[in-house]
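Structure file work_8.txt; described as compact mmCIF, C-alpha atoms.
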```txt
# COMPACT_ATOMS: atom_id res chain seq x y z
CA MET A 25 84.08 74.78 64.50
CA LEU A 26 81.12 76.30 66.41
CA ARG A 27 82.43 77.50 69.74
CA THR A 28 80.10 76.85 72.65
CA SER A 29 81.54 79.53 74.92
CA ARG A 30 84.25 82.13 75.24
CA PRO A 31 85.15 82.51 78.92
CA SER A 32 87.32 85.54 78.22
CA ARG A 33 84.39 87.60 76.83
CA PRO A 34 83.35 89.37 80.08
CA LEU A 35 86.89 90.56 80.86
CA ARG A 36 87.51 91.51 77.26
CA ALA A 37 84.19 93.39 77.11
CA LEU A 38 85.13 95.40 80.20
CA ALA A 39 88.50 96.23 78.74
CA ALA A 40 86.85 97.22 75.48
CA SER A 41 84.44 99.51 77.30
CA ALA A 42 87.26 101.26 79.13
CA ALA A 43 89.05 101.76 75.83
CA ALA A 44 86.01 103.06 73.95
CA LEU A 45 86.78 106.76 74.34
CA VAL A 46 90.40 106.25 73.36
CA LEU A 47 89.31 104.33 70.29
CA ALA A 48 86.73 106.94 69.37
CA PHE A 49 89.40 109.64 69.19
CA GLY A 50 92.08 107.46 67.61
CA SER A 51 93.74 108.27 64.33
CA ALA A 52 92.39 107.09 61.01
CA ALA A 53 95.06 104.42 61.00
CA CYS A 54 93.30 102.73 63.92
CA ASN A 55 90.41 101.96 61.61
CA SER A 56 92.57 99.62 59.58
CA ALA A 57 95.23 97.08 60.36
CA SER A 58 96.85 97.28 63.77
CA ASN A 59 98.22 94.60 66.06
CA GLY A 60 97.64 92.01 63.40
CA SER A 61 94.13 93.15 62.48
CA SER A 62 92.97 93.47 58.91
CA GLY A 63 92.41 96.64 56.94
CA ALA A 64 89.26 98.36 55.79
CA ASP A 65 89.16 96.23 52.65
CA GLY A 66 88.65 93.07 54.71
CA ARG A 67 92.06 91.66 53.80
CA GLU A 68 95.16 90.88 55.81
CA GLY A 69 98.40 90.33 53.92
CA GLY A 70 96.47 89.18 50.86
CA ALA A 71 94.15 86.89 52.85
CA VAL A 72 90.47 87.65 53.50
CA ARG A 73 89.70 88.56 57.09
CA GLY A 74 87.79 85.79 58.85
CA VAL A 75 87.99 83.31 55.97
CA THR A 76 90.26 80.26 55.83
CA ALA A 77 90.24 77.17 53.65
CA ASP A 78 87.81 75.44 55.99
CA ALA A 79 86.12 78.09 58.14
CA ILE A 80 84.25 81.40 58.17
CA ARG A 81 84.57 83.37 61.40
CA VAL A 82 81.43 85.16 62.58
CA GLY A 83 80.69 87.20 65.71
CA GLY A 84 77.67 88.83 67.29
CA ILE A 85 76.75 91.95 69.26
CA VAL A 86 73.68 91.75 71.50
CA SER A 87 72.22 93.77 74.39
CA MET A 88 72.28 90.97 76.94
CA THR A 89 72.17 93.28 79.95
CA THR A 90 70.53 96.70 80.26
CA ALA A 91 69.89 99.25 82.99
CA SER A 92 66.18 98.36 82.98
CA GLY A 93 66.81 94.61 83.22
CA TYR A 94 65.49 93.99 79.70
CA SER A 95 67.59 91.40 77.89
CA LYS A 96 67.98 90.16 74.34
CA LYS A 97 70.38 87.37 75.36
CA ASP A 98 68.40 84.66 73.58
CA THR A 99 69.33 86.30 70.27
CA ASP A 100 72.68 84.56 70.71
CA LEU A 101 71.00 81.17 71.22
CA GLY A 102 68.96 81.66 68.04
CA ALA A 103 72.05 82.41 65.96
CA ARG A 104 73.92 79.49 67.51
CA ALA A 105 71.03 77.17 66.61
CA ARG A 106 71.10 78.18 62.96
CA TYR A 107 74.89 77.87 62.67
CA LEU A 108 74.82 74.44 64.31
CA ARG A 109 72.41 73.22 61.66
CA ALA A 110 74.46 74.79 58.88
CA ASN A 111 77.60 73.02 60.09
CA ALA A 112 75.74 69.73 60.46
CA GLU A 113 74.72 70.08 56.81
CA GLY A 114 78.32 70.63 55.68
CA GLY A 115 78.77 74.37 56.16
CA VAL A 116 78.96 76.94 53.36
CA ALA A 117 80.81 75.92 50.19
CA GLY A 118 82.87 73.45 52.23
CA ARG A 119 83.60 75.86 55.09
CA LYS A 120 82.20 75.47 58.61
CA ILE A 121 80.95 78.48 60.54
CA GLU A 122 83.20 79.40 63.45
CA TYR A 123 80.71 81.32 65.56
CA LEU A 124 82.46 83.19 68.36
CA GLY A 125 79.27 84.02 70.24
CA ALA A 126 77.87 87.47 70.95
CA GLN A 127 79.45 90.32 72.88
CA ASP A 128 77.20 92.18 75.33
CA ASP A 129 77.00 95.89 74.56
CA GLY A 130 74.85 96.64 77.63
CA GLN A 131 72.67 98.77 75.32
CA ASP A 132 75.37 101.43 75.58
CA PRO A 133 76.65 103.27 72.48
CA ALA A 134 80.29 103.30 73.63
CA ARG A 135 80.23 99.56 74.34
CA ASN A 136 78.54 98.89 71.01
CA MET A 137 81.31 100.76 69.21
CA ALA A 138 83.98 98.97 71.26
CA ALA A 139 82.37 95.60 70.47
CA ALA A 140 82.36 96.39 66.74
CA ARG A 141 86.07 97.30 66.84
CA MET A 142 86.91 94.20 68.85
CA ALA A 143 85.06 91.99 66.39
CA VAL A 144 87.11 93.35 63.49
CA GLN A 145 90.49 94.29 64.95
CA GLN A 146 90.94 91.51 67.53
CA ASP A 147 88.57 88.69 66.62
CA GLY A 148 89.05 89.17 62.87
CA VAL A 149 85.50 88.23 61.88
CA PHE A 150 84.23 88.15 58.33
CA ALA A 151 80.69 89.02 59.44
CA VAL A 152 78.64 90.13 62.44
CA ALA A 153 75.40 88.15 62.65
CA PRO A 154 73.49 88.82 64.82
CA MET A 155 73.60 92.49 65.79
CA SER A 156 70.69 93.26 68.12
CA SER A 157 70.75 96.58 69.95
CA VAL A 158 68.91 99.89 69.76
CA THR A 159 72.26 101.64 70.16
CA PHE A 160 74.00 100.62 66.93
CA ALA A 161 76.87 103.09 67.28
CA GLY A 162 79.29 100.73 65.53
CA ALA A 163 77.35 100.73 62.25
CA GLU A 164 79.55 103.21 60.41
CA PHE A 165 82.75 101.45 61.52
CA LEU A 166 81.47 98.05 60.36
CA GLU A 167 80.32 99.53 57.07
CA ARG A 168 83.69 101.19 56.49
CA SER A 169 85.45 97.93 57.38
CA LYS A 170 83.30 96.03 54.85
CA VAL A 171 81.87 93.67 57.47
CA PRO A 172 78.51 92.15 56.41
CA THR A 173 76.25 92.77 59.41
CA PHE A 174 72.80 91.29 60.04
CA GLY A 175 70.10 92.06 62.60
CA TRP A 176 66.59 93.37 63.15
CA GLY A 177 66.22 96.46 60.96
CA THR A 178 64.49 98.63 63.55
CA THR A 179 67.04 101.48 63.45
CA PRO A 180 68.01 103.80 60.58
CA ALA A 181 71.47 102.16 60.45
CA PHE A 182 69.86 99.18 58.69
CA CYS A 183 68.39 101.37 55.97
CA GLY A 184 70.88 102.43 53.33
CA PRO A 185 74.41 101.18 54.19
CA LYS A 186 75.71 98.59 51.72
CA TYR A 187 77.05 96.06 54.23
CA VAL A 188 74.25 96.23 56.84
CA TYR A 189 71.14 94.06 56.41
CA GLY A 190 67.87 93.65 58.30
CA PHE A 191 66.73 90.03 58.36
CA ASN A 192 63.26 91.18 57.33
CA GLY A 193 64.34 94.34 55.60
CA CYS A 194 64.43 98.01 56.60
CA LEU A 195 61.67 98.73 59.11
CA VAL A 196 62.35 102.47 59.33
CA PRO A 197 60.82 103.82 56.12
CA THR A 198 62.29 106.86 54.41
CA PRO A 199 60.80 109.00 51.64
CA GLY A 200 60.82 106.93 48.51
CA GLY A 201 60.54 103.71 50.53
CA THR A 202 57.48 101.71 51.51
CA LEU A 203 55.33 100.87 54.54
CA ASN A 204 54.65 97.33 55.74
CA GLN A 205 50.85 96.88 55.85
CA THR A 206 50.68 93.80 58.07
CA TRP A 207 49.20 95.66 61.03
CA PRO A 208 46.43 97.62 59.24
CA GLU A 209 45.47 94.69 57.01
CA GLY A 210 45.49 92.28 59.95
CA ILE A 211 43.25 94.49 62.08
CA ALA A 212 40.93 94.93 59.10
CA LYS A 213 40.53 91.14 59.00
CA VAL A 214 39.80 91.03 62.75
CA LEU A 215 37.11 93.72 62.36
CA GLY A 216 35.61 92.27 59.18
CA GLY A 217 36.90 95.09 56.99
CA ALA A 218 38.18 98.65 57.34
CA ALA A 219 35.30 100.49 55.69
CA GLY A 220 33.51 102.67 58.22
CA LYS A 221 35.91 101.65 61.01
CA SER A 222 38.10 103.99 63.05
CA VAL A 223 41.35 103.63 64.97
CA ALA A 224 43.11 105.57 67.72
CA ILE A 225 46.91 105.51 67.66
CA ILE A 226 48.87 106.41 70.79
CA ALA A 227 52.62 106.50 71.42
CA ASN A 228 55.28 107.94 73.70
CA ASP A 229 56.32 111.56 73.42
CA SER A 230 59.66 110.80 71.78
CA ASP A 231 61.17 110.91 68.32
CA ALA A 232 60.40 107.20 67.89
CA GLY A 233 56.83 107.72 69.12
CA LYS A 234 56.23 110.64 66.77
CA PHE A 235 57.61 108.66 63.87
CA GLY A 236 55.45 105.65 64.81
CA VAL A 237 52.29 107.74 64.93
CA ARG A 238 53.12 109.24 61.55
CA THR A 239 53.93 105.98 59.78
CA PHE A 240 51.19 103.81 61.26
CA GLY A 241 48.68 106.63 60.85
CA LEU A 242 49.48 106.69 57.15
CA GLY A 243 49.34 102.88 56.94
CA PHE A 244 45.92 102.57 58.60
CA ALA A 245 44.54 105.39 56.45
CA LYS A 246 45.85 103.68 53.31
CA ALA A 247 44.07 100.48 54.40
CA GLY A 248 40.75 102.34 54.55
CA PHE A 249 40.46 103.19 58.25
CA LYS A 250 39.48 106.56 59.65
CA VAL A 251 42.26 107.68 61.98
CA ALA A 252 40.19 109.38 64.70
CA TYR A 253 43.07 109.96 67.12
CA ALA A 254 46.83 109.94 66.65
CA LYS A 255 49.03 111.39 69.40
CA PRO A 256 52.53 110.73 70.78
CA SER A 257 51.34 112.01 74.16
CA VAL A 258 52.59 109.55 76.81
CA PRO A 259 55.79 110.56 78.68
CA ALA A 260 58.76 108.56 77.45
CA ALA A 261 60.76 108.67 80.69
CA SER A 262 58.19 107.15 83.05
CA VAL A 263 54.98 105.13 83.03
CA PRO A 264 51.91 107.16 84.07
CA THR A 265 50.15 106.13 87.28
CA ASP A 266 46.89 107.71 86.16
CA TRP A 267 45.65 106.90 82.64
CA SER A 268 42.22 108.51 82.94
CA ALA A 269 43.05 111.60 80.85
CA TYR A 270 44.46 109.47 78.03
CA VAL A 271 41.45 107.14 78.12
CA LYS A 272 39.01 110.05 78.02
CA ASP A 273 40.88 111.57 75.08
CA ILE A 274 40.94 108.28 73.15
CA LEU A 275 37.27 107.44 73.73
CA ARG A 276 36.25 110.93 72.62
CA GLY A 277 38.37 110.64 69.46
CA ASP A 278 37.49 113.44 67.05
CA GLY A 279 34.00 113.67 68.48
CA GLY A 280 32.70 110.55 66.81
CA GLY A 281 32.78 108.32 69.86
CA ALA A 282 34.97 105.37 70.80
CA PRO A 283 37.22 103.99 68.04
CA ASP A 284 36.88 100.44 66.80
CA ALA A 285 40.53 99.72 67.63
CA VAL A 286 43.15 101.25 69.92
CA VAL A 287 46.65 100.91 68.45
CA SER A 288 49.44 101.30 71.01
CA VAL A 289 52.95 101.92 69.69
CA MET A 290 54.43 101.46 73.17
CA GLN A 291 56.25 98.93 75.36
CA THR A 292 54.64 96.42 77.74
CA PRO A 293 54.53 98.53 80.97
CA ASN A 294 52.62 101.30 79.17
CA ASN A 295 50.34 98.82 77.44
CA ILE A 296 49.42 97.17 80.73
CA GLY A 297 48.43 100.51 82.24
CA LEU A 298 46.57 101.82 79.20
CA PHE A 299 44.69 98.63 78.35
CA THR A 300 43.66 98.06 81.98
CA ALA A 301 42.29 101.60 82.20
CA LEU A 302 40.41 101.25 78.91
CA LYS A 303 38.78 98.00 80.05
CA ARG A 304 37.74 99.59 83.36
CA ALA A 305 36.17 102.43 81.40
CA GLY A 306 34.03 99.87 79.57
CA TYR A 307 35.85 99.87 76.23
CA GLN A 308 34.81 96.86 74.13
CA GLY A 309 36.85 97.40 70.97
CA VAL A 310 40.10 95.87 69.71
CA LEU A 311 43.33 96.46 71.66
CA THR A 312 46.57 95.91 69.76
CA ASP A 313 50.33 96.52 70.07
CA PRO A 314 53.61 95.28 68.52
CA THR A 315 55.51 94.22 71.66
CA ASP A 316 53.61 91.83 73.91
CA TYR A 317 54.47 88.49 72.31
CA ASP A 318 56.47 86.94 75.11
CA PRO A 319 55.69 83.72 77.05
CA GLY A 320 57.27 85.36 80.09
CA LEU A 321 54.27 87.69 80.30
CA LEU A 322 52.02 84.71 80.96
CA ALA A 323 53.79 83.83 84.21
CA LYS A 324 52.16 86.63 86.21
CA ASP A 325 48.40 86.65 86.74
CA ALA A 326 48.12 90.45 86.80
CA THR A 327 50.03 90.87 83.53
CA ARG A 328 48.16 88.05 81.84
CA GLN A 329 44.79 89.53 82.82
CA ALA A 330 45.75 93.07 81.83
CA LEU A 331 46.77 91.97 78.33
CA ASP A 332 44.05 89.35 77.83
CA GLY A 333 42.37 89.82 74.47
CA THR A 334 45.20 91.92 73.02
CA TYR A 335 46.16 91.39 69.38
CA VAL A 336 49.94 91.52 68.90
CA LEU A 337 51.67 92.36 65.63
CA LEU A 338 54.42 89.97 64.48
CA GLN A 339 56.68 90.41 61.49
CA PHE A 340 57.57 86.75 61.38
CA MET A 341 55.71 83.45 61.48
CA PRO A 342 54.09 82.81 64.90
CA PHE A 343 55.47 79.96 66.97
CA GLU A 344 51.91 78.62 67.19
CA GLN A 345 51.48 78.32 63.41
CA ASP A 346 51.63 74.78 62.07
CA ASP A 347 54.33 74.86 59.39
CA PRO A 348 57.35 72.64 58.59
CA LYS A 349 59.72 75.63 58.76
CA MET A 350 58.53 76.49 62.26
CA THR A 351 58.84 72.84 63.31
CA ARG A 352 62.46 72.86 62.12
CA PHE A 353 63.16 76.12 63.96
CA LYS A 354 61.88 74.66 67.22
CA ALA A 355 63.99 71.52 66.76
CA ASP A 356 67.10 73.62 66.05
CA ILE A 357 66.55 75.71 69.19
CA LYS A 358 66.09 72.61 71.32
CA ARG A 359 69.31 71.13 69.94
CA ALA A 360 71.24 74.33 70.63
CA ALA A 361 69.81 74.44 74.17
CA GLY A 362 71.32 71.02 74.93
CA GLY A 363 68.14 69.07 74.26
CA LYS A 364 66.03 71.12 76.68
CA ASP A 365 62.61 72.52 75.89
CA VAL A 366 63.04 76.26 76.45
CA PRO A 367 60.34 78.94 76.17
CA LEU A 368 60.49 80.47 72.70
CA ASN A 369 60.71 84.22 72.20
CA MET A 370 61.20 86.75 69.41
CA HIS A 371 64.87 87.28 70.33
CA MET A 372 65.65 83.68 69.41
CA LEU A 373 64.06 84.21 66.03
CA THR A 374 65.96 87.49 65.57
CA GLY A 375 69.26 85.67 65.99
CA TYR A 376 68.16 82.68 63.94
CA MET A 377 66.96 84.68 60.95
CA SER A 378 69.93 87.08 61.06
CA ALA A 379 72.19 84.03 60.74
CA ASP A 380 69.90 82.50 58.12
CA LEU A 381 70.10 85.51 55.78
CA PHE A 382 73.87 85.70 56.15
CA LEU A 383 74.20 81.99 55.34
CA ALA A 384 71.92 82.26 52.31
CA ILE A 385 73.91 85.11 50.76
CA ALA A 386 77.27 83.50 51.64
CA ALA A 387 76.16 80.30 49.93
CA LYS A 388 75.33 82.29 46.80
CA ALA A 389 78.79 83.91 46.91
CA GLY A 390 80.33 80.43 46.83
CA LYS A 391 83.89 79.27 47.40
CA ASP A 392 85.62 82.53 46.45
CA LEU A 393 84.33 84.41 49.50
CA THR A 394 85.46 88.03 49.87
CA PRO A 395 83.63 91.18 50.99
CA GLU A 396 83.30 92.07 47.30
CA SER A 397 81.99 88.69 46.18
CA PHE A 398 79.56 88.70 49.11
CA GLN A 399 78.20 92.07 48.04
CA ALA A 400 77.93 90.92 44.44
CA ALA A 401 75.89 87.92 45.61
CA ALA A 402 73.69 90.14 47.76
CA ALA A 403 73.02 92.49 44.86
CA GLY A 404 71.03 89.82 43.06
CA PHE A 405 69.78 87.79 46.03
CA ALA A 406 66.18 86.64 46.37
CA ASP A 407 64.40 83.70 47.95
CA THR A 408 60.92 82.85 49.09
CA GLY A 409 58.86 81.14 51.77
CA THR A 410 61.07 81.78 54.81
CA LEU A 411 59.97 82.43 58.40
CA VAL A 412 59.88 86.14 57.47
CA GLY A 413 58.41 85.61 54.02
CA ASP A 414 59.97 86.47 50.68
CA ARG A 415 63.39 88.19 50.79
CA ALA A 416 65.27 90.25 48.23
CA GLU A 417 68.38 92.41 48.26
CA PRO A 418 69.23 95.22 47.94
CA ARG A 419 65.51 96.06 48.12
CA GLY A 420 65.57 95.00 51.77
CA GLN A 421 68.00 97.81 52.54
CA LYS A 422 65.30 100.36 51.76
CA GLU A 423 62.03 98.62 52.57
CA SER A 424 60.68 95.75 54.64
CA PHE A 425 59.81 92.34 53.23
CA GLY A 426 56.13 93.08 53.92
CA CYS A 427 55.00 89.94 55.75
CA GLY A 428 53.57 89.29 59.20
CA ALA A 429 50.80 87.95 61.41
CA LEU A 430 48.60 88.79 64.38
CA VAL A 431 48.37 86.64 67.49
CA GLN A 432 45.86 87.14 70.29
CA LEU A 433 46.55 86.56 73.97
CA LYS A 434 43.43 84.80 75.18
CA GLY A 435 42.81 82.72 78.27
CA GLY A 436 46.47 82.53 79.24
CA SER A 437 47.91 81.52 75.88
CA TYR A 438 48.60 82.91 72.43
CA ARG A 439 46.56 81.86 69.42
CA VAL A 440 47.01 82.76 65.76
CA ALA A 441 44.35 85.34 64.93
CA VAL A 442 45.58 86.26 61.43
CA PRO A 443 48.02 83.72 59.91
CA PHE A 444 51.38 84.76 58.54
CA THR A 445 50.73 86.54 55.24
CA CYS A 446 52.60 88.82 52.86
CA TYR A 447 50.88 92.08 51.95
CA PRO A 448 51.71 94.56 49.17
CA PRO A 449 53.52 97.53 50.75
CA VAL A 450 52.36 101.10 50.21
CA PRO A 451 54.60 104.07 49.29
CA PHE A 452 55.92 106.23 52.12
CA ARG A 453 56.10 109.96 51.47
```
Would you give me this structure, written as structure tokens?
Amino acid sequence: MLRTSRPSRPLRALAASAAALVLAFGSAACNSASNGSSGADGREGGAVRGVTADAIRVGGIVSMTTASGYSKKDTDLGARARYLRANAEGGVAGRKIEYLGAQDDGQDPARNMAAARMAVQQDGVFAVAPMSSVTFAGAEFLERSKVPTFGWGTTPAFCGPKYVYGFNGCLVPTPGGTLNQTWPEGIAKVLGGAAGKSVAIIANDSDAGKFGVRTFGLGFAKAGFKVAYAKPSVPAASVPTDWSAYVKDILRGDGGGAPDAVVSVMQTPNNIGLFTALKRAGYQGVLTDPTDYDPGLLAKDATRQALDGTYVLLQFMPFEQDDPKMTRFKADIKRAAGGKDVPLNMHMLTGYMSADLFLAIAAKAGKDLTPESFQAAAAGFADTGTLVGDRAEPRGQKESFGCGALVQLKGGSYRVAVPFTCYPPVPFR
């Protein structure tokens, strides 16, 4: 039942994009059944949308192409790998997963909305898993249509809605929620403890950067660090060509000298520039960020040298960690890739674990699968020891699952610096 390709996707995606504005201003009736689509209750003529006697239909939405060239296309391969294994093991309560593949939203809000509508109104899916895009404009529509949706909970849309789930919880804390302490606790282990140690936190001058400085500043302080510098000062629209002013500011800190660790809440191009400048200035402390875990970065000598020594935050088990669950993940990816050994990346794991959480809750719902029974199963769901640690719903719709690791890029390869561990979260106020 797992479809290997859908040749009509590109043409259909273009048509959906052209129709996005029309759909956005359509009447309320367009949100329910039309042209044979099902209504907002997930049912069509008494039947459950996307569920037959022997199949469950699932789709995906992924930013496979972007204006910058950045791609999350391997998210689709990760999901496909997990569904292939599920079907090989007999499916869910006797039903195979009919995975339609992922639509490309081009990291564009209008295309994301159009993809969400297409998934429900034309493809008739029961669930969307994975959903991987920073422009999750279709979240409200999917929630209103009672479509269980799974992805990486890095946007506020994953924190609060009943039908939207982050595979490792809500990573955008809100007052009353909690902070994941993987990063501060991991750096404390690298430095031999937090007592008497200081950190400098730097981010882009954007809403996300300001929020990152605030949350990670609180987290490092809670772990016992002195936060000597915390500024969202780097332009968000372009990468600086001269980092000397930032380096001088960081090394001065609050007047107490160079910090023990520099924490960058930025993307790879900024990290390359900042870390290179810090090294040239003679900085000998810890450099760390949450983005540079990608085998593709090792292909270029300049990039590899610039990031050498960097500790990277992961919120899932590292590929380098020796564990039966990771061995199974690698085998599943190879099978889905047609028996080829392909470079692993975090996007594959995003798709894989989005599918995995959907499958786990669907299995708990059992044979009588409806949007309502799925939600009832999710309301009391919990399991342990996964590639993202212990999971529980609906707690995961307000806080993260609190597990992670640190890897270090050293000598042209990644090594596990702090093994995958679950830490008690701290309150966010």
### Query
Could you pull the residues within 12 Å of A:Gly306, counting all atoms listed in the file, minus those fewer than 2 positions along the same chain, as a VMD selection string?
chain A and resid 271 to 272 275 282 299 to 304 308 to 309
### Message
What's around A:Ala151 at 9 Å? Count all atoms listed in the file, leave out sequence neighbours fewer than 5 positions away in its own chain, and write the answer as a list in words.
### Response
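Contacts, in chain order: Gly74, Ile80, Arg81, Val82, Gly83, Gly84, Ala143, Val144, Lys170, Val171, Pro172, Thr173, Phe174 and Phe382 of chain A.
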### Task
Using all atoms listed in the file, find the one residue out of A:Leu101, A:Leu322, A:Ala112, A:Val258 that sits nearest to A:Val86.
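Using all atoms listed in the file, A:Val86 sits closest to A:Leu101.
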### Nearest candidate to A:Gly375 (options A:Ala138, A:Leu26, A:Ala153, A:Leu166; using only C-alpha atoms)
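So, comparing all the options, the nearest one is A:Ala153.
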### Task
Mind checking which residues fall within 12 Å of A:Gly409, counting all atoms listed in the file, ignoring those fewer than 2 positions away in the same chain, and posting them as a list of chain:residue names?
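My list of contacting residues is A:Phe340, A:Met341, A:Asp347, A:Pro348, A:Lys349, A:Met350, A:Ala406, A:Asp407, A:Leu411, A:Val412, A:Gly413, A:Asp414, A:Arg415, A:Ala416, A:Phe425, A:Cys427, A:Phe444, A:Thr445, A:Cys446.
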#### Entry: Contact residues around stretch 436-443 of chain A with all atoms listed in the file at 12 Å, ignoring same-chain residues under 4 positions, as number ranges by chain
A: 206-216, 312, 316-347, 427-432, 447
#### Entry: Interatomic distance, atom CA of A:Leu195 to atom CA of A:Thr179 (Å, one decimal)
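Going from atom CA of A:Leu195 over to atom CA of A:Thr179 covers 7.4 Å.
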### Protein and nucleic acid residues near (82.6, 73.1, 52.7) (cut-off 10 Å, all atoms listed in the file) as a PyMOL selection string
chain A and resi 77-79+111+113-121+390-391
### Message
Under the rule that all atoms listed in the file are counted, which of A:Arg359, A:Tyr189, A:Ile296, A:Phe160 is the nearest residue to A:Ile385?
### Response
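Checking each of A:Arg359, A:Tyr189, A:Ile296, A:Phe160 against A:Ile385, counting all atoms listed in the file, the winner is A:Tyr189.
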#### Entry: Pick from A:Asp356, A:Gly363, A:Ile226, A:Ser157 nearest to A:Asn295, counting all atoms listed in the file
A:Ile226
### Message
Report as an MDAnalysis selection string all protein, DNA and RNA residues lying within 9 Å of A:Pro283, evaluated on only C-alpha atoms, omitting residues in the same chain fewer than 2 positions from it.
### Response
chainID A and resid 221:224 251:253 274:277 280:281 285:286 309:310
### Query
What is the atom CA of A:Tyr187 to atom CA of A:Gln399 distance in Å?
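Distance between the two atoms: 7.5 Å.
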### Query
Using all atoms listed in the file, which residue out of A:Phe244, A:Phe191, A:Tyr270, A:Phe353 lies closest to A:Asn369?
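Checking each of A:Phe244, A:Phe191, A:Tyr270, A:Phe353 against A:Asn369, counting all atoms listed in the file, the winner is A:Phe353.
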#### Entry: From A:Thr374, A:Thr292, A:Val287, A:Lys422, residue lying nearest A:Ala181 [all atoms listed in the file]
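Result for the nearest residue to A:Ala181: A:Lys422.
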### Message
If I take atom CA of A:Glu423 and atom CA of A:Leu203, how far is one from the other in Å, to one decimal?
### Response
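Atom CA of A:Leu203 lies at a distance of 7.3 Å from atom CA of A:Glu423.
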Answer as a PDB file with C-alpha atoms, in the coordinates of the input, residues within 12 Å of (63.2, 74.5, 76.4) using all atoms listed in the file:
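Result saved to selection24.pdb:
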```pdb
ATOM      1  CA  ASP A  98      68.400  84.660  73.580  1.00  0.00           C
ATOM      2  CA  LEU A 101      71.000  81.170  71.220  1.00  0.00           C
ATOM      3  CA  PRO A 319      55.690  83.720  77.050  1.00  0.00           C
ATOM      4  CA  LYS A 354      61.880  74.660  67.220  1.00  0.00           C
ATOM      5  CA  ALA A 355      63.990  71.520  66.760  1.00  0.00           C
ATOM      6  CA  ASP A 356      67.100  73.620  66.050  1.00  0.00           C
ATOM      7  CA  ILE A 357      66.550  75.710  69.190  1.00  0.00           C
ATOM      8  CA  LYS A 358      66.090  72.610  71.320  1.00  0.00           C
ATOM      9  CA  ARG A 359      69.310  71.130  69.940  1.00  0.00           C
ATOM     10  CA  ALA A 360      71.240  74.330  70.630  1.00  0.00           C
ATOM     11  CA  ALA A 361      69.810  74.440  74.170  1.00  0.00           C
ATOM     12  CA  GLY A 362      71.320  71.020  74.930  1.00  0.00           C
ATOM     13  CA  GLY A 363      68.140  69.070  74.260  1.00  0.00           C
ATOM     14  CA  LYS A 364      66.030  71.120  76.680  1.00  0.00           C
ATOM     15  CA  ASP A 365      62.610  72.520  75.890  1.00  0.00           C
ATOM     16  CA  VAL A 366      63.040  76.260  76.450  1.00  0.00           C
ATOM     17  CA  PRO A 367      60.340  78.940  76.170  1.00  0.00           C
ATOM     18  CA  LEU A 368      60.490  80.470  72.700  1.00  0.00           C
ATOM     19  CA  ASN A 369      60.710  84.220  72.200  1.00  0.00           C
ATOM     20  CA  MET A 372      65.650  83.680  69.410  1.00  0.00           C
TER      21      MET A 372
END
```
